Amino acid sequence: MAIGVFDSGVGGLSVHRALVGRFPTADLIYLADQAHAPYGGLPGERIVELTRRGCERLFEAGADLVVLGCNTASAIALRRLQQTWLPGLRQARGRPANVLGIIVPTIEAATGLPWTPEPERLPEKAEALEVLGVFSTPGTTLSRVYEIEIDKRRGDLAVFSEPCPELARLIEDGADRRVLAPIIEGHVEALARRIGRPPDKAVLACTHYEIVADLFHAALPAGVALIHQPGATADSLGRYLAAHPEYDPGSSGERRFLTTGAPGPQHGMVEAFWGAPLRFEAA
Ligand code: DGL
């Protein structure tokens with residue numbers, strides 16, 4: 001079998017690249033739903049439907065396990081799909097099938113605590129309050145998933161989110177880095193104004209932003225640690241595979257890249273990030 005990675009577009013390649021590094025012999029299939037990207041401003045029901053269709057396509061292509069390389073889909077669609085769709089799908093397929101998100105691993109990395117559904121909350125410490133800045137799509141920001149789940153675990157870690165409405169689309173379209181840099185600086189400044197100071201650490205909670213992580217590094221004051229969501233996701237998948245031997249990640253190192261949009265090469269910024277030419281096939 002293979003591991004599938006799904007995103008609205010090229011952002012999930014940041015997660016995919018971390019999985020290639022961590023599991024070099026695994027068979028990996030990437031699907032970008034570029035016909036419908038970006039997801040960040042779509043109604044929730046539409047995100048659920050598109051995410052389900054993307055996962056279905058990856059299961060048809062040979063995946064048994066799909067990682068949503070997308071915060072927006074993980075925040076808005078994942079729980080619904082796990083509760084209402086996957087049980088029937090497993091029965092119909094007669095074999096294991098699962099969809100994993102990237103928010104749980106990110107929260108584990110941000111809090112330094114392993115995930116438990118009913119966590120014990122560490123008490124507030126007003127004198128040593130840490131501040132986490134979360135840069136994300138409007139859909140993820142509105143879900144408040146990072147605020148809610150981190151607050152259940154760490155009373156001493158305050159979360160401030162900054163929605164970046166245009167950024168994923170601009171990165172998806174390959175906008176010039178000179179256009180992206182001032183937009184990112186504007187979001188970093190807006191977040192610091194809202195907090196009253198810069199955050200202590202930050203998460204690029206839209207996988208597209210990882211493609212220009214250096215621009216975020218440059219805009220944030222020195223010393224603000226960026227939590228690396230792709231690395232956290234790869235670590236978490238390693239633990240999941242060790243605990244679930246029914247999922248075989250394959251061993252031939254095969255890589256396929258599918259798109260619902262225009263097949264062919266991706267733009268230069270994405271190829272530079274990937275480090276090699278990249279051709280997508282029609283999904
Ligand atoms: N890269 C995705 C995320 O992490 C989706 C961005 C979008 O399609 O708006 O949220």
# chains A, B, ... in the order shown; residues from 1 in each chain; ligands from 1
$ residues_near_ligand --ligand "ligand 1" --cutoff "7 Å" --atoms "only C-alpha atoms and all ligand atoms" --output "list in words"
Asp7, Ser8, Gly9, Gly11, Gly12, Ala37, Pro38, Tyr39, Gly40, Gly41, Gly69, Cys70, Asn71, Thr72, Ala73, Ser136, Thr137, Thr140, Ala168, Arg169, Ala205, Cys206, Thr207 and His208 of chain A
$ select_by_dssp --residues "stretch 165-281 of chain A" --states "strand (DSSP E)" --output "count of residues only"
17
$ residues_around --residues "A:Ala109" --least-positions-apart "3" --cutoff "9 Å" --atoms "only C-alpha atoms" --output "PDB file with N, CA and C atoms, in the first residue's frame"
ATOM      1  N   VAL A 104      -3.091  17.853  15.521  1.00  0.00           N
ATOM      2  CA  VAL A 104      -2.695  17.160  16.758  1.00  0.00           C
ATOM      3  C   VAL A 104      -1.166  17.146  16.911  1.00  0.00           C
ATOM      4  N   PRO A 105      -0.401  16.713  15.879  1.00  0.00           N
ATOM      5  CA  PRO A 105       1.065  16.749  16.043  1.00  0.00           C
ATOM      6  C   PRO A 105       1.604  18.152  16.325  1.00  0.00           C
ATOM      7  N   THR A 106       0.966  19.157  15.737  1.00  0.00           N
ATOM      8  CA  THR A 106       1.439  20.533  15.940  1.00  0.00           C
ATOM      9  C   THR A 106       1.166  20.974  17.374  1.00  0.00           C
ATOM     10  N   GLY A 112       4.458  20.668  24.092  1.00  0.00           N
ATOM     11  CA  GLY A 112       5.446  19.760  24.687  1.00  0.00           C
ATOM     12  C   GLY A 112       4.785  18.614  25.440  1.00  0.00           C
ATOM     13  N   LEU A 113       3.505  18.349  25.127  1.00  0.00           N
ATOM     14  CA  LEU A 113       2.756  17.293  25.832  1.00  0.00           C
ATOM     15  C   LEU A 113       2.206  16.286  24.828  1.00  0.00           C
ATOM     16  N   PRO A 114       2.281  14.989  25.149  1.00  0.00           N
ATOM     17  CA  PRO A 114       1.656  14.017  24.251  1.00  0.00           C
ATOM     18  C   PRO A 114       0.141  14.202  24.242  1.00  0.00           C
ATOM     19  N   ILE A 227       7.688  26.689  15.309  1.00  0.00           N
ATOM     20  CA  ILE A 227       7.408  25.252  15.484  1.00  0.00           C
ATOM     21  C   ILE A 227       7.268  24.644  14.101  1.00  0.00           C
ATOM     22  N   HIS A 228       7.996  23.573  13.843  1.00  0.00           N
ATOM     23  CA  HIS A 228       8.036  23.021  12.484  1.00  0.00           C
ATOM     24  C   HIS A 228       6.946  21.960  12.307  1.00  0.00           C
ATOM     25  N   GLN A 229       5.838  22.395  11.731  1.00  0.00           N
ATOM     26  CA  GLN A 229       4.679  21.513  11.587  1.00  0.00           C
ATOM     27  C   GLN A 229       4.982  20.266  10.739  1.00  0.00           C
ATOM     28  N   ALA A 232       6.943  17.837  12.892  1.00  0.00           N
ATOM     29  CA  ALA A 232       6.092  17.286  13.958  1.00  0.00           C
ATOM     30  C   ALA A 232       5.153  16.227  13.388  1.00  0.00           C
TER      31      ALA A 232
END
$ select_by_dssp --residues "stretch 15-176 of chain A" --states "helix (DSSP H, G or I)" --output "PyMOL selection string"
chain A and resi 15-22+44-60+71-76+78-93+103-111+126-128+138-143+145-151+167-172
$ residues_around --residues "A:Leu180" --least-positions-apart "4" --cutoff "8 Å" --atoms "only C-alpha atoms" --output "mmCIF file with N, CA and C atoms, in the first residue's frame"
data_model
loop_
_atom_site.group_PDB
_atom_site.id
_atom_site.type_symbol
_atom_site.label_atom_id
_atom_site.label_comp_id
_atom_site.auth_asym_id
_atom_site.auth_seq_id
_atom_site.Cartn_x
_atom_site.Cartn_y
_atom_site.Cartn_z
ATOM 1 N N LEU A 167 -2.770 34.994 1.496
ATOM 2 C CA LEU A 167 -1.414 34.455 1.370
ATOM 3 C C LEU A 167 -1.348 33.087 0.680
ATOM 4 N N LEU A 170 -1.769 33.479 -3.065
ATOM 5 C CA LEU A 170 -0.599 34.087 -3.712
ATOM 6 C C LEU A 170 0.536 33.074 -3.845
ATOM 7 N N ALA A 175 3.344 33.840 -6.649
ATOM 8 C CA ALA A 175 3.607 35.293 -6.614
ATOM 9 C C ALA A 175 5.082 35.558 -6.294
ATOM 10 N N ASP A 176 5.550 36.691 -6.768
ATOM 11 C CA ASP A 176 6.948 37.088 -6.536
ATOM 12 C C ASP A 176 7.202 37.252 -5.036
ATOM 13 N N ILE A 184 3.679 39.529 4.439
ATOM 14 C CA ILE A 184 4.034 38.747 5.633
ATOM 15 C C ILE A 184 4.467 39.684 6.758
#
$ closest_residue --among "A:Ala222, A:Phe135, A:Asp214, A:Leu68" --to "A:Val188" --atoms "only C-alpha atoms"
A:Phe135
